[in-house]
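See below for start_18.pdb, which holds PDB, C-alpha atoms.
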```pdb
ATOM      1  CA  MET A   1      23.758 -37.479   9.052
ATOM      2  CA  GLY A   2      27.047 -36.111  10.236
ATOM      3  CA  GLU A   3      25.304 -34.031  12.859
ATOM      4  CA  ARG A   4      24.044 -36.979  14.817
ATOM      5  CA  GLY A   5      27.315 -37.489  16.592
ATOM      6  CA  LYS A   6      27.767 -33.866  17.334
ATOM      7  CA  SER A   7      24.486 -33.682  19.144
ATOM      8  CA  ASP A   8      26.024 -35.788  21.907
ATOM      9  CA  ASP A   9      27.314 -32.544  23.196
ATOM     10  CA  MET A  10      23.813 -31.334  23.961
ATOM     11  CA  LYS A  11      22.515 -34.726  24.947
ATOM     12  CA  ASN A  12      25.070 -35.253  27.624
ATOM     13  CA  ARG A  13      24.872 -31.866  29.181
ATOM     14  CA  LYS A  14      24.358 -31.946  32.838
ATOM     15  CA  THR A  15      21.041 -30.776  34.102
ATOM     16  CA  ASN A  16      20.178 -28.907  37.208
ATOM     17  CA  LEU A  17      17.191 -30.919  38.193
ATOM     18  CA  GLU A  18      18.852 -33.217  40.671
ATOM     19  CA  PRO A  19      20.747 -30.785  42.845
ATOM     20  CA  VAL A  20      18.095 -30.347  45.421
ATOM     21  CA  GLU A  21      17.138 -26.911  46.405
ATOM     22  CA  PRO A  22      14.611 -26.750  49.150
ATOM     23  CA  VAL A  23      11.248 -25.544  48.030
ATOM     24  CA  THR A  24      11.343 -22.011  49.281
ATOM     25  CA  GLU A  25       8.360 -20.694  47.504
ATOM     26  CA  LYS A  26       6.782 -17.699  49.119
ATOM     27  CA  PRO A  27       3.049 -17.317  49.176
ATOM     28  CA  GLU A  28       1.872 -14.920  46.488
ATOM     29  CA  SER A  29       0.320 -12.636  49.049
ATOM     30  CA  GLN A  30       1.952 -11.366  52.196
ATOM     31  CA  ASP A  31      -1.347 -11.054  53.975
ATOM     32  CA  PRO A  32      -2.501 -14.418  55.285
ATOM     33  CA  MET A  33      -6.109 -13.289  55.189
ATOM     34  CA  THR A  34      -6.070 -12.814  51.444
ATOM     35  CA  ARG A  35      -4.315 -16.033  50.615
ATOM     36  CA  PRO A  36      -6.388 -18.646  48.875
ATOM     37  CA  ALA A  37      -7.811 -21.071  51.420
ATOM     38  CA  THR A  38      -6.194 -24.036  49.709
ATOM     39  CA  SER A  39      -2.731 -22.837  50.582
ATOM     40  CA  LEU A  40      -3.639 -22.957  54.251
ATOM     41  CA  HIS A  41      -4.610 -26.573  54.509
ATOM     42  CA  LYS A  42      -2.299 -27.812  51.822
ATOM     43  CA  PRO A  43       1.230 -26.638  52.454
ATOM     44  CA  GLU A  44       3.777 -26.931  49.680
ATOM     45  CA  ALA A  45       4.988 -30.493  49.654
ATOM     46  CA  ARG A  46       8.699 -30.994  49.860
ATOM     47  CA  LEU A  47       9.886 -33.326  47.198
ATOM     48  CA  GLY A  48      12.401 -35.958  48.049
ATOM     49  CA  ARG A  49      15.448 -36.683  45.993
ATOM     50  CA  GLU A  50      13.913 -39.847  44.617
ATOM     51  CA  VAL A  51      10.874 -38.046  43.311
ATOM     52  CA  GLN A  52      12.971 -35.322  41.757
ATOM     53  CA  ALA A  53      15.276 -37.872  40.201
ATOM     54  CA  ARG A  54      12.331 -39.761  38.753
ATOM     55  CA  ILE A  55      10.772 -36.642  37.299
ATOM     56  CA  GLY A  56      14.110 -35.607  35.845
ATOM     57  CA  GLN A  57      14.661 -39.013  34.352
ATOM     58  CA  GLN A  58      11.293 -39.144  32.624
ATOM     59  CA  LEU A  59      11.572 -35.575  31.453
ATOM     60  CA  ARG A  60      14.919 -36.262  29.824
ATOM     61  CA  ALA A  61      13.648 -39.496  28.293
ATOM     62  CA  ILE A  62      10.865 -37.634  26.514
ATOM     63  CA  TYR A  63      13.184 -34.832  25.492
ATOM     64  CA  ASN A  64      15.924 -37.148  24.295
ATOM     65  CA  ASP A  65      13.469 -39.067  22.149
ATOM     66  CA  VAL A  66      13.504 -35.978  19.977
ATOM     67  CA  VAL A  67      17.164 -35.088  20.474
ATOM     68  CA  ASN A  68      18.161 -38.563  19.323
ATOM     69  CA  GLN A  69      16.452 -37.973  15.999
ATOM     70  CA  GLY A  70      19.375 -35.711  15.173
ATOM     71  CA  VAL A  71      19.102 -32.961  12.599
ATOM     72  CA  PRO A  72      16.382 -33.484   9.982
ATOM     73  CA  GLN A  73      17.806 -33.415   6.479
ATOM     74  CA  HIS A  74      15.790 -30.401   5.344
ATOM     75  CA  ILE A  75      17.032 -28.356   8.293
ATOM     76  CA  SER A  76      20.605 -29.402   7.744
ATOM     77  CA  ASP A  77      20.283 -28.452   4.067
ATOM     78  CA  LEU A  78      18.753 -25.106   4.993
ATOM     79  CA  VAL A  79      21.544 -24.194   7.417
ATOM     80  CA  ARG A  80      24.248 -25.191   4.947
ATOM     81  CA  ARG A  81      22.610 -23.284   2.114
ATOM     82  CA  LEU A  82      22.242 -20.141   4.214
ATOM     83  CA  SER A  83      25.789 -20.452   5.551
ATOM     84  CA  ASP A  84      27.216 -20.609   2.070
ATOM     85  CA  GLN A  85      25.456 -17.442   1.009
ATOM     86  CA  ASP A  86      27.305 -14.191   1.320
ATOM     87  CA  GLN A  87      26.501 -12.554   4.605
ATOM     88  CA  ASP A  88      25.349  -8.969   4.266
TER      89      ASP A  88
ATOM     90  CA  MET B   1      31.950 -13.183   3.454
ATOM     91  CA  LYS B   2      30.608 -16.626   4.144
ATOM     92  CA  LEU B   3      29.612 -17.819   7.561
ATOM     93  CA  ASP B   4      32.399 -19.218   9.704
ATOM     94  CA  PRO B   5      32.013 -23.028   9.542
ATOM     95  CA  ALA B   6      32.675 -23.214  13.288
ATOM     96  CA  ILE B   7      29.668 -20.982  13.939
ATOM     97  CA  ARG B   8      27.574 -22.963  11.478
ATOM     98  CA  ASP B   9      28.483 -26.178  13.308
ATOM     99  CA  GLN B  10      27.539 -24.632  16.632
ATOM    100  CA  VAL B  11      24.139 -23.889  15.138
ATOM    101  CA  LEU B  12      23.720 -27.405  13.757
ATOM    102  CA  VAL B  13      24.753 -29.051  17.008
ATOM    103  CA  THR B  14      22.018 -27.126  18.802
ATOM    104  CA  VAL B  15      19.262 -28.120  16.375
ATOM    105  CA  PRO B  16      18.229 -31.452  17.998
ATOM    106  CA  SER B  17      17.749 -29.832  21.387
ATOM    107  CA  LEU B  18      16.096 -26.806  19.805
ATOM    108  CA  ARG B  19      13.573 -29.140  18.151
ATOM    109  CA  ALA B  20      12.854 -30.902  21.414
ATOM    110  CA  PHE B  21      12.197 -27.553  23.076
ATOM    111  CA  ALA B  22      10.039 -26.416  20.158
ATOM    112  CA  ILE B  23       7.947 -29.581  20.369
ATOM    113  CA  SER B  24       7.445 -29.018  24.074
ATOM    114  CA  LEU B  25       6.184 -25.523  23.304
ATOM    115  CA  CYS B  26       4.020 -26.365  20.286
ATOM    116  CA  GLY B  27       2.848 -29.848  21.191
ATOM    117  CA  ASN B  28       3.044 -30.658  17.504
ATOM    118  CA  ILE B  29       6.059 -31.831  15.552
ATOM    119  CA  ASP B  30       5.211 -30.257  12.201
ATOM    120  CA  ARG B  31       4.566 -26.890  13.745
ATOM    121  CA  ALA B  32       7.697 -27.251  15.843
ATOM    122  CA  ASP B  33       9.791 -27.893  12.758
ATOM    123  CA  ASP B  34       8.348 -24.794  11.115
ATOM    124  CA  LEU B  35       9.255 -22.857  14.233
ATOM    125  CA  VAL B  36      12.800 -24.238  14.236
ATOM    126  CA  GLN B  37      13.168 -23.359  10.573
ATOM    127  CA  GLU B  38      11.987 -19.805  11.143
ATOM    128  CA  THR B  39      14.328 -19.526  14.102
ATOM    129  CA  LEU B  40      17.303 -20.587  12.026
ATOM    130  CA  LEU B  41      16.389 -18.238   9.190
ATOM    131  CA  ARG B  42      16.209 -15.366  11.626
ATOM    132  CA  ALA B  43      19.344 -16.386  13.504
ATOM    133  CA  LEU B  44      21.473 -16.706  10.400
ATOM    134  CA  ALA B  45      20.164 -13.417   9.043
ATOM    135  CA  HIS B  46      21.279 -11.773  12.278
ATOM    136  CA  ILE B  47      24.347 -13.851  12.993
ATOM    137  CA  ASP B  48      26.348 -10.646  13.408
ATOM    138  CA  SER B  49      24.562 -10.018  16.655
ATOM    139  CA  PHE B  50      25.836 -13.293  18.046
ATOM    140  CA  GLU B  51      29.004 -12.783  20.002
ATOM    141  CA  PRO B  52      31.436 -15.637  19.299
ATOM    142  CA  GLY B  53      32.350 -17.433  22.478
ATOM    143  CA  THR B  54      29.021 -16.795  24.127
ATOM    144  CA  ASN B  55      26.292 -19.362  24.616
ATOM    145  CA  MET B  56      24.963 -20.379  21.180
ATOM    146  CA  PRO B  57      22.214 -22.674  22.514
ATOM    147  CA  ALA B  58      20.909 -19.922  24.805
ATOM    148  CA  TRP B  59      20.954 -17.453  21.916
ATOM    149  CA  LEU B  60      19.005 -19.761  19.603
ATOM    150  CA  PHE B  61      16.555 -20.805  22.314
ATOM    151  CA  THR B  62      15.852 -17.142  23.034
ATOM    152  CA  ILE B  63      15.090 -16.421  19.392
ATOM    153  CA  LEU B  64      12.868 -19.472  19.136
ATOM    154  CA  ARG B  65      10.968 -18.624  22.270
ATOM    155  CA  ASN B  66      10.394 -15.037  21.178
ATOM    156  CA  LEU B  67       9.132 -16.208  17.802
ATOM    157  CA  PHE B  68       6.844 -18.682  19.460
ATOM    158  CA  ARG B  69       5.510 -16.054  21.821
ATOM    159  CA  SER B  70       4.794 -13.603  19.051
ATOM    160  CA  GLU B  71       3.506 -15.899  16.337
ATOM    161  CA  TYR B  72       2.458 -19.234  17.731
ATOM    162  CA  ARG B  73       1.021 -18.509  21.109
ATOM    163  CA  LYS B  74      -2.464 -17.683  19.967
ATOM    164  CA  ARG B  75      -2.769 -20.798  17.873
ATOM    165  CA  ARG B  76      -1.476 -23.018  20.639
ATOM    166  CA  ARG B  77      -3.927 -21.559  23.124
ATOM    167  CA  GLU B  78      -6.745 -22.519  20.806
ATOM    168  CA  VAL B  79      -5.506 -26.075  20.891
ATOM    169  CA  GLU B  80      -5.095 -26.082  24.650
ATOM    170  CA  ASP B  81      -8.574 -24.707  25.111
ATOM    171  CA  ALA B  82      -9.970 -27.768  23.411
ATOM    172  CA  ASP B  83      -9.833 -29.431  26.818
ATOM    173  CA  GLY B  84      -7.307 -32.198  26.851
ATOM    174  CA  ARG B  85      -6.578 -32.209  23.153
ATOM    175  CA  TYR B  86      -3.152 -30.752  23.686
ATOM    176  CA  ALA B  87      -2.296 -33.691  25.910
ATOM    177  CA  ASP B  88      -3.605 -36.097  23.297
ATOM    178  CA  THR B  89      -1.411 -34.501  20.681
ATOM    179  CA  LEU B  90       1.600 -34.951  22.863
ATOM    180  CA  ILE B  91       1.089 -38.641  23.424
ATOM    181  CA  SER B  92      -0.014 -39.670  19.990
ATOM    182  CA  HIS B  93       2.988 -38.689  17.915
ATOM    183  CA  PRO B  94       4.271 -41.652  15.976
ATOM    184  CA  GLU B  95       7.801 -40.299  16.387
ATOM    185  CA  GLN B  96       7.556 -40.790  20.085
ATOM    186  CA  THR B  97       7.945 -44.292  21.331
ATOM    187  CA  GLY B  98       4.913 -46.007  22.767
ATOM    188  CA  ARG B  99       6.393 -46.705  26.147
ATOM    189  CA  VAL B 100       3.413 -46.965  28.361
ATOM    190  CA  GLU B 101       5.279 -45.968  31.484
ATOM    191  CA  PHE B 102       5.805 -42.492  30.059
ATOM    192  CA  GLU B 103       2.315 -41.797  28.837
ATOM    193  CA  GLU B 104       1.029 -40.715  32.188
ATOM    194  CA  PHE B 105       4.058 -38.500  32.588
ATOM    195  CA  ARG B 106       3.502 -36.893  29.197
ATOM    196  CA  THR B 107      -0.112 -36.234  30.047
ATOM    197  CA  ALA B 108       0.817 -34.724  33.389
ATOM    198  CA  LEU B 109       3.481 -32.573  31.743
ATOM    199  CA  ALA B 110       0.932 -31.268  29.276
ATOM    200  CA  LYS B 111      -1.318 -30.237  32.153
ATOM    201  CA  LEU B 112       1.260 -27.861  33.617
ATOM    202  CA  PRO B 113       0.854 -24.148  33.003
ATOM    203  CA  ALA B 114       2.961 -23.229  29.969
ATOM    204  CA  ASP B 115       5.378 -21.066  31.974
ATOM    205  CA  GLN B 116       6.107 -23.845  34.434
ATOM    206  CA  ARG B 117       6.495 -26.509  31.766
ATOM    207  CA  GLU B 118       8.865 -24.286  29.840
ATOM    208  CA  ALA B 119      11.032 -23.553  32.885
ATOM    209  CA  LEU B 120      11.155 -27.210  33.887
ATOM    210  CA  ILE B 121      12.190 -28.307  30.422
ATOM    211  CA  LEU B 122      14.870 -25.649  30.010
ATOM    212  CA  VAL B 123      16.461 -26.522  33.344
ATOM    213  CA  GLY B 124      15.619 -30.186  33.708
ATOM    214  CA  ALA B 125      15.917 -31.442  30.145
ATOM    215  CA  SER B 126      17.804 -28.900  28.028
ATOM    216  CA  GLY B 127      20.378 -28.562  30.778
ATOM    217  CA  PHE B 128      20.473 -24.784  31.019
ATOM    218  CA  SER B 129      21.545 -23.097  34.208
ATOM    219  CA  TYR B 130      18.910 -21.138  36.082
ATOM    220  CA  ASP B 131      20.656 -17.986  34.904
ATOM    221  CA  ASP B 132      20.496 -19.011  31.245
ATOM    222  CA  ALA B 133      16.897 -20.135  31.562
ATOM    223  CA  ALA B 134      16.017 -16.774  33.096
ATOM    224  CA  ALA B 135      17.739 -14.966  30.235
ATOM    225  CA  ILE B 136      15.919 -17.103  27.669
ATOM    226  CA  CYS B 137      12.547 -16.424  29.282
ATOM    227  CA  GLY B 138      13.287 -12.775  29.982
ATOM    228  CA  CYS B 139      12.518 -13.042  33.669
ATOM    229  CA  ALA B 140      14.280 -13.089  37.033
ATOM    230  CA  VAL B 141      16.267 -16.110  38.182
ATOM    231  CA  GLY B 142      14.018 -16.388  41.235
ATOM    232  CA  THR B 143      10.998 -16.615  38.959
ATOM    233  CA  ILE B 144      12.548 -19.531  37.084
ATOM    234  CA  LYS B 145      13.400 -21.317  40.321
ATOM    235  CA  SER B 146       9.890 -20.831  41.602
ATOM    236  CA  ARG B 147       8.362 -22.082  38.346
ATOM    237  CA  VAL B 148      10.603 -25.156  38.316
ATOM    238  CA  ASN B 149       9.726 -25.949  41.913
ATOM    239  CA  ARG B 150       6.038 -25.521  41.301
ATOM    240  CA  ALA B 151       6.239 -27.634  38.151
ATOM    241  CA  ARG B 152       7.918 -30.479  40.024
ATOM    242  CA  THR B 153       5.474 -30.316  42.896
ATOM    243  CA  ARG B 154       2.521 -30.306  40.528
ATOM    244  CA  LEU B 155       3.929 -33.203  38.513
ATOM    245  CA  ALA B 156       4.484 -35.242  41.647
ATOM    246  CA  ASP B 157       0.908 -34.420  42.613
ATOM    247  CA  LEU B 158      -0.536 -35.388  39.254
ATOM    248  CA  LEU B 159       1.420 -38.611  39.202
ATOM    249  CA  ALA B 160       0.653 -39.260  42.857
ATOM    250  CA  ILE B 161       4.273 -40.029  43.545
ATOM    251  CA  ASP B 162       4.740 -40.227  47.287
ATOM    252  CA  GLY B 163       8.486 -40.520  47.175
ATOM    253  CA  ILE B 164       8.748 -44.145  48.214
ATOM    254  CA  ASP B 165       6.376 -46.135  46.087
ATOM    255  CA  ASP B 166       6.621 -46.705  42.439
ATOM    256  CA  PHE B 167       3.767 -45.343  40.371
ATOM    257  CA  GLY B 168       1.425 -47.836  41.994
ATOM    258  CA  PRO B 169      -0.475 -50.961  41.056
ATOM    259  CA  ASP B 170      -2.898 -49.179  38.730
ATOM    260  CA  ARG B 171      -0.108 -48.039  36.555
ATOM    261  CA  ALA B 172       1.614 -51.402  36.479
ATOM    262  CA  THR B 173      -1.649 -53.156  35.707
ATOM    263  CA  ARG B 174      -2.381 -50.846  32.857
ATOM    264  CA  ALA B 175       1.094 -51.284  31.467
ATOM    265  CA  VAL B 176       0.637 -55.044  31.425
ATOM    266  CA  LEU B 177      -2.804 -54.780  29.884
ATOM    267  CA  ALA B 178      -1.429 -52.567  27.162
ATOM    268  CA  GLY B 179       1.279 -55.098  26.484
ATOM    269  CA  GLY B 180       3.973 -52.559  27.139
ATOM    270  CA  GLY B 181       4.950 -53.615  30.630
ATOM    271  CA  ARG B 182       8.545 -54.321  31.438
ATOM    272  CA  ASN B 183       9.526 -57.561  33.041
TER     273      ASN B 183
END
```

As structure tokens, how would this structure be written, given the file I've shared?
Amino acid sequence: MGERGKSDDMKNRKTNLEPVEPVTEKPESQDPMTRPATSLHKPEARLGREVQARIGQQLRAIYNDVVNQGVPQHISDLVRRLSDQDQD
Amino acid sequence: MKLDPAIRDQVLVTVPSLRAFAISLCGNIDRADDLVQETLLRALAHIDSFEPGTNMPAWLFTILRNLFRSEYRKRRREVEDADGRYADTLISHPEQTGRVEFEEFRTALAKLPADQREALILVGASGFSYDDAAAICGCAVGTIKSRVNRARTRLADLLAIDGIDDFGPDRATRAVLAGGGRN
């Protein structure tokens, strides 16, 4: 599995989850009267850095479970076979 | 003319991440692998339309997503409609480790609207910029940002994370009961 090492490139890419952007979501409707009632008594919660970091961490753990499996043999074979064919 | 080995390697290097994204879309590893295979067939057949030096992962992710949207969406919706079965699929894959502390997270992730889950994964796990994620999803950058924010807020809600506490005694207790707790 020569591809396993190469996938480090993708694995170690930085993600944009941690840089905290304030939650600046606008209500869907401009008119307060037509907004769903829930948005009135439950304002958008601001997430702290810790929460965002935790979510990011778990998300990447799940994702990397798959990434760490590398390239399945049949897919590697397929790509090599197609690459060796003459391109039209 | 055969394919430039450098281009071929760029494709191969992207495959692990492409699979992870496909699984997050399909909720099923076998179907995801079919989707990845179709994506690669299509990509290599149209490799001329890839501009060397541009973002290969973004190009492949875009093809995969479009294929999924056109061919797989209907089937996946059927699964999702079976109330909770999509979440079950996500947690029960033997390929995924049985770490109890992530099960609740997986379940919560599966409960997100597809658009939000997709945006969160592209930005938070695949490591794409907001711009790239927007290009992949064919929408505005602001839309991606909004989806990511909503996804995070909803996840925090579902997991009842208050920002200070851990996931709480219930979670820890269950982890111990399941024999998967960390010491």

(request) Could you state which residues are captured by the ChimeraX specification (/A :<6) & /B in this file, as an NGL selection string? (result) :B and (1-3 or 13 or 16-17 or 20 or 123-125 or 127 or 163)

(message) Given the PyMOL selection byres ((chain B and resi 144) around 10) and the file above, list the residues it selects as a list in words.
(response)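 With the shown file as input, the PyMOL selection byres ((chain B and resi 144) around 10) matches Asp115, Gln116, Glu118, Ala119, Leu120, Leu122, Val123, Tyr130, Asp131, Asp132, Ala133, Ala134, Ala135, Cys137, Gly138, Cys139, Ala140, Val141, Gly142, Thr143, Lys145, Ser146, Arg147, Val148, Asn149 and Arg150 of chain B.
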
(request) Could you jot down the atom CA of B:Phe21 to atom CA of B:Pro113 separation for me, Å, one decimal place? (result)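 Computed distance, atom CA of B:Phe21 to atom CA of B:Pro113, equals 15.5 Å.
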
(request) Within 9 Å of stretch 38-40 of chain B, counting all atoms listed in the file, which residues show up once you throw out same-chain ones fewer than 4 positions away? Write them as a PyMOL selection string, please. (result) (chain A and resi 75+78-79) or (chain B and resi 11+15+33-34+44-45+60-61+63-65+67)

Write out, as a CSV table (one decimal), in the frame of the given file, the residues just selected, with C-alpha atoms.
```
chain,number,residue,atom,x,y,z
A,75,ILE,CA,17.0,-28.4,8.3
A,78,LEU,CA,18.8,-25.1,5.0
A,79,VAL,CA,21.5,-24.2,7.4
B,11,VAL,CA,24.1,-23.9,15.1
B,15,VAL,CA,19.3,-28.1,16.4
B,33,ASP,CA,9.8,-27.9,12.8
B,34,ASP,CA,8.3,-24.8,11.1
B,44,LEU,CA,21.5,-16.7,10.4
B,45,ALA,CA,20.2,-13.4,9.0
B,60,LEU,CA,19.0,-19.8,19.6
B,61,PHE,CA,16.6,-20.8,22.3
B,63,ILE,CA,15.1,-16.4,19.4
B,64,LEU,CA,12.9,-19.5,19.1
B,65,ARG,CA,11.0,-18.6,22.3
B,67,LEU,CA,9.1,-16.2,17.8
```

(message) Quick check, in Å to one decimal: how far apart do atom CA of B:Lys111 and atom CA of B:Ala22 lie?
(response) 17.0 Å

(request) Quote the spacing between atom CA of B:Arg106 and atom CA of B:Ser24 in Å to one decimal place. (result)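 About the pair atom CA of B:Arg106 and atom CA of B:Ser24: they are 10.2 Å apart.
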
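In this comparison, which uses only C-alpha atoms, the residue of B:Trp59, B:Asn28, B:Leu35, B:Ile23 approaching B:Gln10 most closely is B:Trp59.
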
(message) Measuring between all atoms listed in the file, which one of B:Glu71, B:Asp9, B:Cys26, B:Gln37 shows the shortest distance to B:Met56?
(response) B:Asp9

(request) Give the answer as one residue: which of B:Leu12, B:Ala6, B:Ala151, B:Ala160 has the shortest atom-to-atom distance to B:Val36, using all atoms listed in the file? (result)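 Ranking B:Leu12, B:Ala6, B:Ala151, B:Ala160 by distance to B:Val36, first place goes to B:Leu12.
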
Coordinates of box centre and edge lengths for stretch 137-147 of chain B, 3 Å on every side, axis-aligned, as JSON:
```
{"center_x": 12.3, "center_y": -17.4, "center_z": 35.4, "size_x": 13.9, "size_y": 15.3, "size_z": 18.3}
```
